file input.cif (mmCIF, C-alpha atoms)
data_model
#
loop_
_atom_site.group_PDB
_atom_site.id
_atom_site.type_symbol
_atom_site.label_atom_id
_atom_site.label_comp_id
_atom_site.auth_asym_id
_atom_site.auth_seq_id
_atom_site.Cartn_x
_atom_site.Cartn_y
_atom_site.Cartn_z
ATOM 1 C CA MET A 1 0.000 0.000 0.000
ATOM 2 C CA SER A 2 1.399 3.319 -0.874
ATOM 3 C CA LEU A 3 1.812 5.378 2.238
ATOM 4 C CA GLY A 4 2.101 8.863 0.918
ATOM 5 C CA GLY A 5 1.067 11.125 -1.908
ATOM 6 C CA ASP A 6 -1.945 13.163 -2.850
ATOM 7 C CA GLY A 7 -4.276 10.227 -3.325
ATOM 8 C CA GLY A 8 -5.656 10.224 0.181
ATOM 9 C CA TYR A 9 -2.727 9.289 2.418
ATOM 10 C CA GLY A 10 -0.760 12.503 2.733
ATOM 11 C CA GLY A 11 1.966 13.518 5.103
ATOM 12 C CA ASP A 12 5.593 12.559 5.612
ATOM 13 C CA TYR A 13 6.614 10.011 8.193
ATOM 14 C CA ASP A 14 9.226 7.540 9.272
ATOM 15 C CA TYR A 15 9.138 3.863 10.211
ATOM 16 C CA ASP A 16 12.129 3.368 12.435
ATOM 17 C CA GLY A 17 12.989 0.036 13.989
ATOM 18 C CA HIS A 18 15.214 1.791 16.544
ATOM 19 C CA ASP A 19 12.575 4.196 17.857
ATOM 20 C CA THR A 20 14.582 7.172 16.637
ATOM 21 C CA GLY A 21 11.369 9.055 15.952
ATOM 22 C CA ARG A 22 10.032 10.952 13.003
ATOM 23 C CA THR A 23 12.247 12.331 10.279
ATOM 24 C CA ARG A 24 11.332 14.448 7.311
ATOM 25 C CA GLY A 25 13.856 13.498 4.655
ATOM 26 C CA THR A 26 13.621 14.945 1.213
ATOM 27 C CA ALA A 27 14.466 13.072 -1.944
ATOM 28 C CA SER A 28 14.867 15.673 -4.615
ATOM 29 C CA GLY A 29 17.056 15.341 -7.658
ATOM 30 C CA GLY A 30 17.195 13.315 -10.834
ATOM 31 C CA HIS A 31 16.103 9.763 -11.236
ATOM 32 C CA LEU A 32 17.807 6.681 -12.609
ATOM 33 C CA THR A 33 16.272 4.505 -15.265
ATOM 34 C CA ARG A 34 15.532 1.084 -13.820
ATOM 35 C CA THR A 35 16.136 -2.266 -15.484
ATOM 36 C CA ARG A 36 13.105 -4.442 -14.843
ATOM 37 C CA LEU A 37 13.519 -8.227 -14.887
ATOM 38 C CA PRO A 38 10.256 -10.118 -15.530
ATOM 39 C CA GLU A 39 9.252 -12.761 -13.007
ATOM 40 C CA GLY A 40 7.448 -16.037 -13.592
ATOM 41 C CA ASP A 41 5.690 -16.734 -16.874
ATOM 42 C CA GLU A 42 4.211 -13.311 -17.456
ATOM 43 C CA ASP A 43 4.917 -11.872 -20.903
ATOM 44 C CA PRO A 44 7.320 -8.940 -20.466
ATOM 45 C CA TYR A 45 6.367 -7.699 -23.905
ATOM 46 C CA GLY A 46 2.631 -7.809 -23.335
ATOM 47 C CA PRO A 47 0.442 -4.718 -23.239
ATOM 48 C CA PRO A 48 1.131 -2.358 -20.343
ATOM 49 C CA ARG A 49 -1.244 -2.130 -17.425
ATOM 50 C CA ARG A 50 -3.695 0.692 -17.812
ATOM 51 C CA GLY A 51 -3.342 3.234 -15.062
ATOM 52 C CA PRO A 52 -6.375 4.833 -13.414
ATOM 53 C CA GLY A 53 -7.387 7.997 -15.193
ATOM 54 C CA ARG A 54 -8.921 11.251 -14.221
ATOM 55 C CA ALA A 55 -12.400 10.619 -15.512
ATOM 56 C CA GLY A 56 -13.486 8.906 -12.294
ATOM 57 C CA LYS A 57 -14.110 11.990 -10.201
ATOM 58 C CA PRO A 58 -15.225 10.046 -7.114
ATOM 59 C CA SER A 59 -11.623 8.936 -6.564
ATOM 60 C CA ARG A 60 -10.843 12.492 -5.593
ATOM 61 C CA ASN A 61 -13.877 12.905 -3.416
ATOM 62 C CA LEU A 62 -12.980 13.367 0.229
ATOM 63 C CA ILE A 63 -15.638 10.875 1.262
ATOM 64 C CA THR A 64 -14.024 8.068 -0.734
ATOM 65 C CA VAL A 65 -10.613 8.474 0.874
ATOM 66 C CA VAL A 66 -11.480 9.468 4.433
ATOM 67 C CA GLY A 67 -11.236 5.859 5.617
ATOM 68 C CA VAL A 68 -7.742 5.531 4.181
ATOM 69 C CA VAL A 69 -6.693 8.798 5.785
ATOM 70 C CA VAL A 70 -7.940 7.608 9.166
ATOM 71 C CA LEU A 71 -6.019 4.329 8.869
ATOM 72 C CA LEU A 72 -2.751 5.953 7.876
ATOM 73 C CA LEU A 73 -3.014 8.633 10.539
ATOM 74 C CA ALA A 74 -3.421 5.857 13.066
ATOM 75 C CA ALA A 75 -0.476 3.963 11.582
ATOM 76 C CA ILE A 76 1.779 6.982 11.694
ATOM 77 C CA ALA A 77 0.785 7.780 15.267
ATOM 78 C CA PHE A 78 1.434 4.247 16.490
ATOM 79 C CA VAL A 79 4.721 3.728 14.679
ATOM 80 C CA ASN A 80 6.192 7.050 15.759
ATOM 81 C CA ARG A 81 4.879 6.984 19.330
ATOM 82 C CA GLY A 82 7.607 7.310 21.889
ATOM 83 C CA GLY A 83 10.381 8.143 19.414
ATOM 84 C CA GLN A 84 12.997 10.782 20.107
ATOM 85 C CA GLY A 85 13.872 13.028 17.183
ATOM 86 C CA ASP A 86 17.507 13.607 16.476
ATOM 87 C CA GLY A 87 16.921 17.268 15.677
ATOM 88 C CA GLY A 88 18.890 17.014 12.448
ATOM 89 C CA SER A 89 18.163 16.581 8.806
ATOM 90 C CA SER A 90 17.680 13.142 7.322
ATOM 91 C CA ASP A 91 20.228 11.472 5.102
ATOM 92 C CA ALA A 92 18.201 12.365 2.048
ATOM 93 C CA ASP A 93 18.853 16.036 2.797
ATOM 94 C CA SER A 94 22.573 15.595 3.047
ATOM 95 C CA GLY A 95 23.467 15.456 -0.595
ATOM 96 C CA GLY A 96 24.509 12.262 -2.286
ATOM 97 C CA THR A 97 27.334 10.419 -3.876
ATOM 98 C CA ASN A 98 25.377 10.426 -7.137
ATOM 99 C CA ALA A 99 23.688 13.829 -6.987
ATOM 100 C CA ASP A 100 23.432 13.822 -10.786
ATOM 101 C CA ALA A 101 21.216 11.125 -12.291
ATOM 102 C CA GLN A 102 23.157 8.429 -14.105
ATOM 103 C CA PRO A 103 21.812 6.021 -16.717
ATOM 104 C CA THR A 104 21.540 2.346 -15.983
ATOM 105 C CA ALA A 105 24.561 0.517 -17.357
ATOM 106 C CA PRO A 106 26.034 -2.990 -16.990
ATOM 107 C CA THR A 107 28.364 -3.228 -13.991
ATOM 108 C CA GLY A 108 29.579 -6.785 -14.387
ATOM 109 C CA THR A 109 28.098 -7.692 -11.010
ATOM 110 C CA ARG A 110 25.024 -9.892 -10.763
ATOM 111 C CA PRO A 111 22.420 -7.635 -9.091
ATOM 112 C CA VAL A 112 20.389 -10.351 -7.362
ATOM 113 C CA THR A 113 21.309 -13.913 -6.448
ATOM 114 C CA GLY A 114 18.180 -15.260 -4.803
ATOM 115 C CA LYS A 115 14.688 -14.847 -3.394
ATOM 116 C CA ASN A 116 13.300 -14.975 0.133
ATOM 117 C CA GLY A 117 10.815 -17.678 1.095
ATOM 118 C CA THR A 118 7.227 -17.621 -0.092
ATOM 119 C CA THR A 119 7.144 -13.824 -0.402
ATOM 120 C CA GLY A 120 9.441 -13.798 -3.428
ATOM 121 C CA ILE A 121 11.356 -10.726 -2.219
ATOM 122 C CA ALA A 122 14.739 -10.561 -3.920
ATOM 123 C CA SER A 123 17.857 -11.212 -1.831
ATOM 124 C CA GLY A 124 21.590 -11.593 -2.245
ATOM 125 C CA PHE A 125 22.291 -8.038 -3.406
ATOM 126 C CA ALA A 126 25.799 -6.930 -4.326
ATOM 127 C CA ARG A 127 27.817 -5.073 -1.710
ATOM 128 C CA SER A 128 27.978 -1.923 -3.811
ATOM 129 C CA GLN A 129 26.021 1.243 -4.525
ATOM 130 C CA GLN A 130 24.198 -0.593 -7.312
ATOM 131 C CA GLY A 131 23.335 -3.445 -4.962
ATOM 132 C CA ALA A 132 22.008 -1.044 -2.327
ATOM 133 C CA GLN A 133 19.822 0.673 -4.912
ATOM 134 C CA SER A 134 18.446 -2.665 -6.108
ATOM 135 C CA ALA A 135 17.664 -3.688 -2.530
ATOM 136 C CA ALA A 136 15.920 -0.398 -1.764
ATOM 137 C CA ALA A 137 13.774 -0.592 -4.911
ATOM 138 C CA ASN A 138 12.642 -4.150 -4.212
ATOM 139 C CA TYR A 139 11.980 -3.400 -0.552
ATOM 140 C CA ALA A 140 9.871 -0.363 -1.518
ATOM 141 C CA VAL A 141 7.690 -2.640 -3.659
ATOM 142 C CA ALA A 142 7.154 -5.062 -0.770
ATOM 143 C CA LEU A 143 6.443 -2.320 1.775
ATOM 144 C CA GLY A 144 3.915 -0.755 -0.597
ATOM 145 C CA SER A 145 2.040 -3.984 -1.285
ATOM 146 C CA ALA A 146 -1.406 -5.068 -0.122
ATOM 147 C CA ASP A 147 0.297 -7.966 1.688
ATOM 148 C CA MET A 148 1.380 -5.530 4.396
ATOM 149 C CA LEU A 149 -2.244 -5.279 5.547
ATOM 150 C CA SER A 150 -2.349 -8.991 6.385
ATOM 151 C CA ARG A 151 -0.794 -9.762 9.771
ATOM 152 C CA GLU A 152 0.363 -13.216 8.671
ATOM 153 C CA GLN A 153 2.023 -11.978 5.487
ATOM 154 C CA ARG A 154 3.421 -8.892 7.197
ATOM 155 C CA HIS A 155 5.138 -11.114 9.744
ATOM 156 C CA GLU A 156 6.902 -12.881 6.859
ATOM 157 C CA ILE A 157 7.841 -9.720 4.980
ATOM 158 C CA VAL A 158 9.290 -7.560 7.756
ATOM 159 C CA PRO A 159 12.014 -10.011 8.945
ATOM 160 C CA GLN A 160 13.132 -10.513 5.351
ATOM 161 C CA ILE A 161 13.563 -6.782 4.736
ATOM 162 C CA PHE A 162 14.789 -5.450 8.082
ATOM 163 C CA THR A 163 17.732 -6.259 10.326
ATOM 164 C CA ALA A 164 17.037 -8.514 13.290
ATOM 165 C CA THR A 165 17.407 -5.552 15.624
ATOM 166 C CA ALA A 166 14.920 -3.401 13.720
ATOM 167 C CA ALA A 167 12.367 -6.055 12.735
ATOM 168 C CA ASN A 168 10.869 -6.931 16.126
ATOM 169 C CA PRO A 169 10.032 -3.433 17.399
ATOM 170 C CA LEU A 170 8.763 -2.423 13.956
ATOM 171 C CA GLN A 171 6.570 -5.512 13.787
ATOM 172 C CA THR A 172 4.932 -4.603 17.087
ATOM 173 C CA LYS A 173 4.228 -1.061 15.953
ATOM 174 C CA LEU A 174 2.760 -2.185 12.633
ATOM 175 C CA ASP A 175 0.493 -4.721 14.344
ATOM 176 C CA LYS A 176 -0.935 -1.912 16.451
ATOM 177 C CA ALA A 177 -1.199 0.440 13.481
ATOM 178 C CA TYR A 178 -3.039 -2.057 11.288
ATOM 179 C CA SER A 179 -5.496 -3.103 13.944
ATOM 180 C CA ALA A 180 -8.862 -4.639 13.114
ATOM 181 C CA ASN A 181 -10.550 -1.361 13.978
ATOM 182 C CA SER A 182 -8.263 0.608 11.645
ATOM 183 C CA LEU A 183 -8.761 -1.822 8.780
ATOM 184 C CA GLU A 184 -12.513 -1.757 9.275
ATOM 185 C CA LYS A 185 -12.501 1.987 8.625
ATOM 186 C CA ILE A 186 -11.326 1.404 5.045
ATOM 187 C CA GLY A 187 -13.759 -1.444 4.471
ATOM 188 C CA LEU A 188 -11.428 -4.399 5.157
ATOM 189 C CA ASP A 189 -11.753 -7.218 7.663
ATOM 190 C CA ALA A 190 -9.279 -7.988 10.435
ATOM 191 C CA ASN A 191 -7.124 -9.963 7.982
ATOM 192 C CA GLY A 192 -6.911 -7.084 5.515
ATOM 193 C CA LYS A 193 -9.373 -8.664 3.090
ATOM 194 C CA ALA A 194 -12.001 -6.798 1.082
ATOM 195 C CA PRO A 195 -15.682 -7.857 1.161
ATOM 196 C CA ASP A 196 -16.895 -10.592 -1.181
ATOM 197 C CA GLY A 197 -17.015 -9.370 -4.757
ATOM 198 C CA MET A 198 -14.348 -6.716 -4.164
ATOM 199 C CA THR A 199 -10.558 -6.680 -4.400
ATOM 200 C CA TYR A 200 -8.252 -4.478 -2.370
ATOM 201 C CA ILE A 201 -5.362 -3.312 -4.538
ATOM 202 C CA SER A 202 -2.033 -1.792 -3.559
ATOM 203 C CA ARG A 203 0.895 -2.040 -5.936
ATOM 204 C CA THR A 204 4.068 0.049 -6.046
ATOM 205 C CA ALA A 205 6.395 0.597 -9.021
ATOM 206 C CA PRO A 206 9.791 2.277 -8.515
ATOM 207 C CA LEU A 207 10.772 4.777 -11.221
ATOM 208 C CA GLY A 208 14.295 5.495 -10.034
ATOM 209 C CA THR A 209 16.696 5.536 -7.125
ATOM 210 C CA LYS A 210 19.251 7.939 -5.659
ATOM 211 C CA ILE A 211 22.071 7.272 -3.215
ATOM 212 C CA ALA A 212 22.068 9.898 -0.465
ATOM 213 C CA LYS A 213 24.852 8.327 1.628
ATOM 214 C CA PHE A 214 27.019 5.275 1.150
ATOM 215 C CA THR A 215 29.771 3.486 3.050
ATOM 216 C CA ASN A 216 31.008 -0.081 2.979
ATOM 217 C CA THR A 217 28.438 -1.066 5.620
ATOM 218 C CA THR A 218 25.598 1.476 5.366
ATOM 219 C CA ALA A 219 23.557 3.191 2.683
ATOM 220 C CA THR A 220 20.693 5.655 2.485
ATOM 221 C CA VAL A 221 18.686 5.297 -0.716
ATOM 222 C CA ALA A 222 15.728 7.342 -1.940
ATOM 223 C CA VAL A 223 13.285 5.528 -4.248
ATOM 224 C CA TRP A 224 10.905 7.544 -6.420
ATOM 225 C CA CYS A 225 7.690 5.539 -6.834
ATOM 226 C CA THR A 226 4.271 5.534 -8.357
ATOM 227 C CA GLY A 227 1.498 3.136 -7.499
ATOM 228 C CA VAL A 228 -2.197 2.306 -7.365
ATOM 229 C CA PHE A 229 -4.331 1.675 -4.299
ATOM 230 C CA GLY A 230 -7.962 1.293 -3.335
ATOM 231 C CA THR A 231 -10.811 -1.200 -3.476
ATOM 232 C CA ALA A 232 -12.029 -2.409 -6.859
ATOM 233 C CA GLY A 233 -15.635 -3.546 -7.018
ATOM 234 C CA GLU A 234 -19.146 -2.348 -7.671
ATOM 235 C CA GLY A 235 -20.190 0.233 -5.108
ATOM 236 C CA SER A 236 -16.694 0.713 -3.689
ATOM 237 C CA LYS A 237 -16.392 3.778 -1.464
ATOM 238 C CA ASN A 238 -12.624 3.772 -1.925
ATOM 239 C CA PRO A 239 -12.077 3.339 -5.692
ATOM 240 C CA VAL A 240 -8.618 2.576 -7.026
ATOM 241 C CA THR A 241 -6.547 5.682 -7.731
ATOM 242 C CA ASN A 242 -2.900 6.501 -8.362
ATOM 243 C CA ASP A 243 -0.211 7.907 -6.130
ATOM 244 C CA TRP A 244 3.313 9.371 -6.365
ATOM 245 C CA PHE A 245 5.760 9.321 -3.475
ATOM 246 C CA THR A 246 9.415 8.980 -2.493
ATOM 247 C CA MET A 247 10.478 6.334 0.005
ATOM 248 C CA THR A 248 13.846 6.669 1.727
ATOM 249 C CA LEU A 249 15.408 3.559 3.244
ATOM 250 C CA LYS A 250 18.380 3.379 5.593
ATOM 251 C CA LEU A 251 20.212 0.130 4.874
ATOM 252 C CA ARG A 252 22.936 -1.822 6.649
ATOM 253 C CA TRP A 253 25.102 -4.672 5.388
ATOM 254 C CA ALA A 254 24.092 -7.615 7.594
ATOM 255 C CA ASP A 255 24.104 -11.385 7.099
ATOM 256 C CA ASN A 256 25.850 -10.926 3.749
ATOM 257 C CA ASP A 257 23.047 -8.785 2.329
ATOM 258 C CA TRP A 258 21.552 -5.289 2.464
ATOM 259 C CA LYS A 259 18.864 -5.023 5.166
ATOM 260 C CA ALA A 260 16.764 -2.024 6.171
ATOM 261 C CA GLU A 261 17.046 -0.355 9.552
ATOM 262 C CA SER A 262 14.258 2.171 8.957
ATOM 263 C CA TYR A 263 12.277 3.835 6.212
ATOM 264 C CA SER A 264 10.409 7.086 5.688
ATOM 265 C CA GLN A 265 8.110 8.436 3.026
ATOM 266 C CA LYS A 266 7.030 11.749 1.557
ATOM 267 C CA SER A 267 4.637 12.800 -1.206
ATOM 268 C CA GLY A 268 5.777 13.385 -4.799
ATOM 269 C CA PRO A 269 7.338 14.389 -7.069
ATOM 270 C CA ALA A 270 4.044 14.039 -8.948
ATOM 271 C CA PRO A 271 3.393 14.893 -12.618
ATOM 272 C CA VAL A 272 0.227 16.422 -14.039
ATOM 273 C CA ASN A 273 -2.356 13.671 -14.401
ATOM 274 C CA SER A 274 -3.350 12.725 -17.930
ATOM 275 C CA ASP A 275 -6.898 12.734 -19.255
ATOM 276 C CA ASN A 276 -7.108 8.976 -19.755
ATOM 277 C CA THR A 277 -10.520 7.475 -19.160
ATOM 278 C CA ALA A 278 -10.583 5.496 -15.935
ATOM 279 C CA SER A 279 -10.837 1.725 -16.352
ATOM 280 C CA THR A 280 -13.701 -0.166 -14.812
ATOM 281 C CA ALA A 281 -13.282 -1.782 -11.402
ATOM 282 C CA ASP A 282 -13.401 -5.203 -13.049
ATOM 283 C CA GLU A 283 -10.592 -4.301 -15.461
ATOM 284 C CA ILE A 284 -8.410 -3.034 -12.622
ATOM 285 C CA ALA A 285 -9.021 -6.146 -10.503
ATOM 286 C CA LYS A 286 -8.222 -8.463 -13.419
ATOM 287 C CA ALA A 287 -5.056 -6.502 -14.247
ATOM 288 C CA VAL A 288 -3.669 -7.167 -10.778
ATOM 289 C CA GLU A 289 -4.390 -10.884 -11.167
ATOM 290 C CA GLN A 290 -3.068 -11.181 -14.718
ATOM 291 C CA TYR A 291 0.069 -9.023 -14.637
ATOM 292 C CA GLY A 292 2.955 -10.140 -12.454
ATOM 293 C CA GLY A 293 5.521 -7.899 -10.827
ATOM 294 C CA PHE A 294 9.231 -7.409 -11.444
ATOM 295 C CA THR A 295 12.538 -7.826 -9.717
ATOM 296 C CA TYR A 296 14.203 -4.405 -9.855
ATOM 297 C CA ALA A 297 17.925 -4.330 -10.503
ATOM 298 C CA ARG A 298 20.438 -1.489 -10.913
#

call {"tool": "encode", "arguments": {"input": "input.cif", "output": "structure tokens"}}
result
Amino acid sequence: MSLGGDGGYGGDYDYDGHDTGRTRGTASGGHLTRTRLPEGDEDPYGPPRRGPGRAGKPSRNLITVVGVVVLLLAAIAFVNRGGQGDGGSSDADSGGTNADAQPTAPTGTRPVTGKNGTTGIASGFARSQQGAQSAAANYAVALGSADMLSREQRHEIVPQIFTATAANPLQTKLDKAYSANSLEKIGLDANGKAPDGMTYISRTAPLGTKIAKFTNTTATVAVWCTGVFGTAGEGSKNPVTNDWFTMTLKLRWADNDWKAESYSQKSGPAPVNSDNTASTADEIAKAVEQYGGFTYAR
């Protein structure tokens, strides 16, 4: 699920496994073209997924997104409760080792060597700036997925993305944030499922990455993303709409791989929306079922 942007979530916030509190990192600057490796048997040369257009005015109606706003406000409050701010700027504000956008080019290093468990999250990233960017992009996809709303799936995802030190406290905060009461406010049951006949959709697609800081053992990477979220189905009060946001992840080299210690998110940069006609709820739901995701590699 996308956790920022102008599509009903709003606000900047930080998920920090070390209780360091809320940061407001920026992620300005150019973007890098991403190489996308198709997964499974999906046709990488098939027709692109149609994005939600602007014709569906209800997607911008405050009533249709108020439930999502309530849930995310609760999530932010729970996750950041008790944190102590460091009073300084985030890593994304500090300038970067690649301040100018660079095109994707072969590096001679295999970007990904494996996958984690049943979640399919990529693993085995190279110990390099390119490897850190690949890890951040793939982790952003997982953190922005509908699976995060399911307690069972969330408890598989978080340990695979975060360091052992960060995972446990973050897991507790997320369980409180995505409580049954919070999920009910956006029309989902306690397991994060939509009512019969409807499909809850949340899918994130990275557009580029930027290294803000990098050492041999740590990295701060900003990932510029777009995505879709909402409930597809007849009579949905939270129709599927699009979102633009930047997720910044602080990574550490641990257990021979890049793992996250914390992540934050802010809205944008967002382009002017096109005038494409919005697809029907059925078309959107089928697109999610029929089109697989990608492993993102730098």

call {"tool": "closest_residue", "arguments": {"input": "input.cif", "among": "A:Leu249, A:Thr199, A:Thr295, A:Ala205", "to": "Lys115 in chain A", "atoms": "all atoms listed in the file"}}
result
A:Thr295

call {"tool": "resolve_selection", "arguments": {"input": "input.cif", "expression": "the PyMOL selection byres ((chain A and resi 153) around 12)", "output": "list of chain:residue names"}}
result
A:Gly117, A:Thr118, A:Thr119, A:Gly120, A:Ala142, A:Leu143, A:Ser145, A:Ala146, A:Asp147, A:Met148, A:Leu149, A:Ser150, A:Arg151, A:Glu152, A:Arg154, A:His155, A:Glu156, A:Ile157, A:Val158, A:Pro159, A:Gln160, A:Gln171, A:Asp175, A:Asn191, A:Gly192

call {"tool": "residues_near_point", "arguments": {"input": "input.cif", "point": "(19.8, 0.7, 3.3)", "cutoff": "8 Å", "atoms": "all atoms listed in the file", "output": "mmCIF file with C-alpha atoms, in the frame of the given file"}}
result
data_model
loop_
_atom_site.group_PDB
_atom_site.id
_atom_site.type_symbol
_atom_site.label_atom_id
_atom_site.label_comp_id
_atom_site.auth_asym_id
_atom_site.auth_seq_id
_atom_site.Cartn_x
_atom_site.Cartn_y
_atom_site.Cartn_z
ATOM 1 C CA ALA A 132 22.008 -1.044 -2.327
ATOM 2 C CA ALA A 135 17.664 -3.688 -2.530
ATOM 3 C CA ALA A 136 15.920 -0.398 -1.764
ATOM 4 C CA THR A 218 25.598 1.476 5.366
ATOM 5 C CA ALA A 219 23.557 3.191 2.683
ATOM 6 C CA THR A 220 20.693 5.655 2.485
ATOM 7 C CA VAL A 221 18.686 5.297 -0.716
ATOM 8 C CA LEU A 249 15.408 3.559 3.244
ATOM 9 C CA LYS A 250 18.380 3.379 5.593
ATOM 10 C CA LEU A 251 20.212 0.130 4.874
ATOM 11 C CA ARG A 252 22.936 -1.822 6.649
ATOM 12 C CA TRP A 253 25.102 -4.672 5.388
ATOM 13 C CA TRP A 258 21.552 -5.289 2.464
ATOM 14 C CA LYS A 259 18.864 -5.023 5.166
ATOM 15 C CA ALA A 260 16.764 -2.024 6.171
ATOM 16 C CA GLU A 261 17.046 -0.355 9.552
#

call {"tool": "resolve_selection", "arguments": {"input": "input.cif", "expression": "the PyMOL selection byres ((chain A and resi 123) around 8)", "output": "list in words"}}
result
Val112, Thr113, Gly114, Lys115, Asn116, Ile121, Ala122, Gly124, Phe125, Ala135 and Asp257 of chain A

call {"tool": "resolve_selection", "arguments": {"input": "input.cif", "expression": "the PyMOL selection byres ((chain A and resi 228) around 8)", "output": "PyMOL selection string"}}
result
chain A and resi 2+51-52+201-204+226-227+229-230+240-243

call {"tool": "write_last_selection", "arguments": {"input": "input.cif", "atoms": "C-alpha atoms", "output": "compact mmCIF listing (two decimals), in the coordinates of the input"}}
result
# COMPACT_ATOMS: atom_id res chain seq x y z
CA SER A 2 1.40 3.32 -0.87
CA GLY A 51 -3.34 3.23 -15.06
CA PRO A 52 -6.38 4.83 -13.41
CA ILE A 201 -5.36 -3.31 -4.54
CA SER A 202 -2.03 -1.79 -3.56
CA ARG A 203 0.90 -2.04 -5.94
CA THR A 204 4.07 0.05 -6.05
CA THR A 226 4.27 5.53 -8.36
CA GLY A 227 1.50 3.14 -7.50
CA PHE A 229 -4.33 1.68 -4.30
CA GLY A 230 -7.96 1.29 -3.34
CA VAL A 240 -8.62 2.58 -7.03
CA THR A 241 -6.55 5.68 -7.73
CA ASN A 242 -2.90 6.50 -8.36
CA ASP A 243 -0.21 7.91 -6.13

call {"tool": "atom_distance", "arguments": {"input": "input.cif", "atom1": "CA of Val141 in chain A", "atom2": "CA of Pro206 in chain A"}}
result
7.2 Å
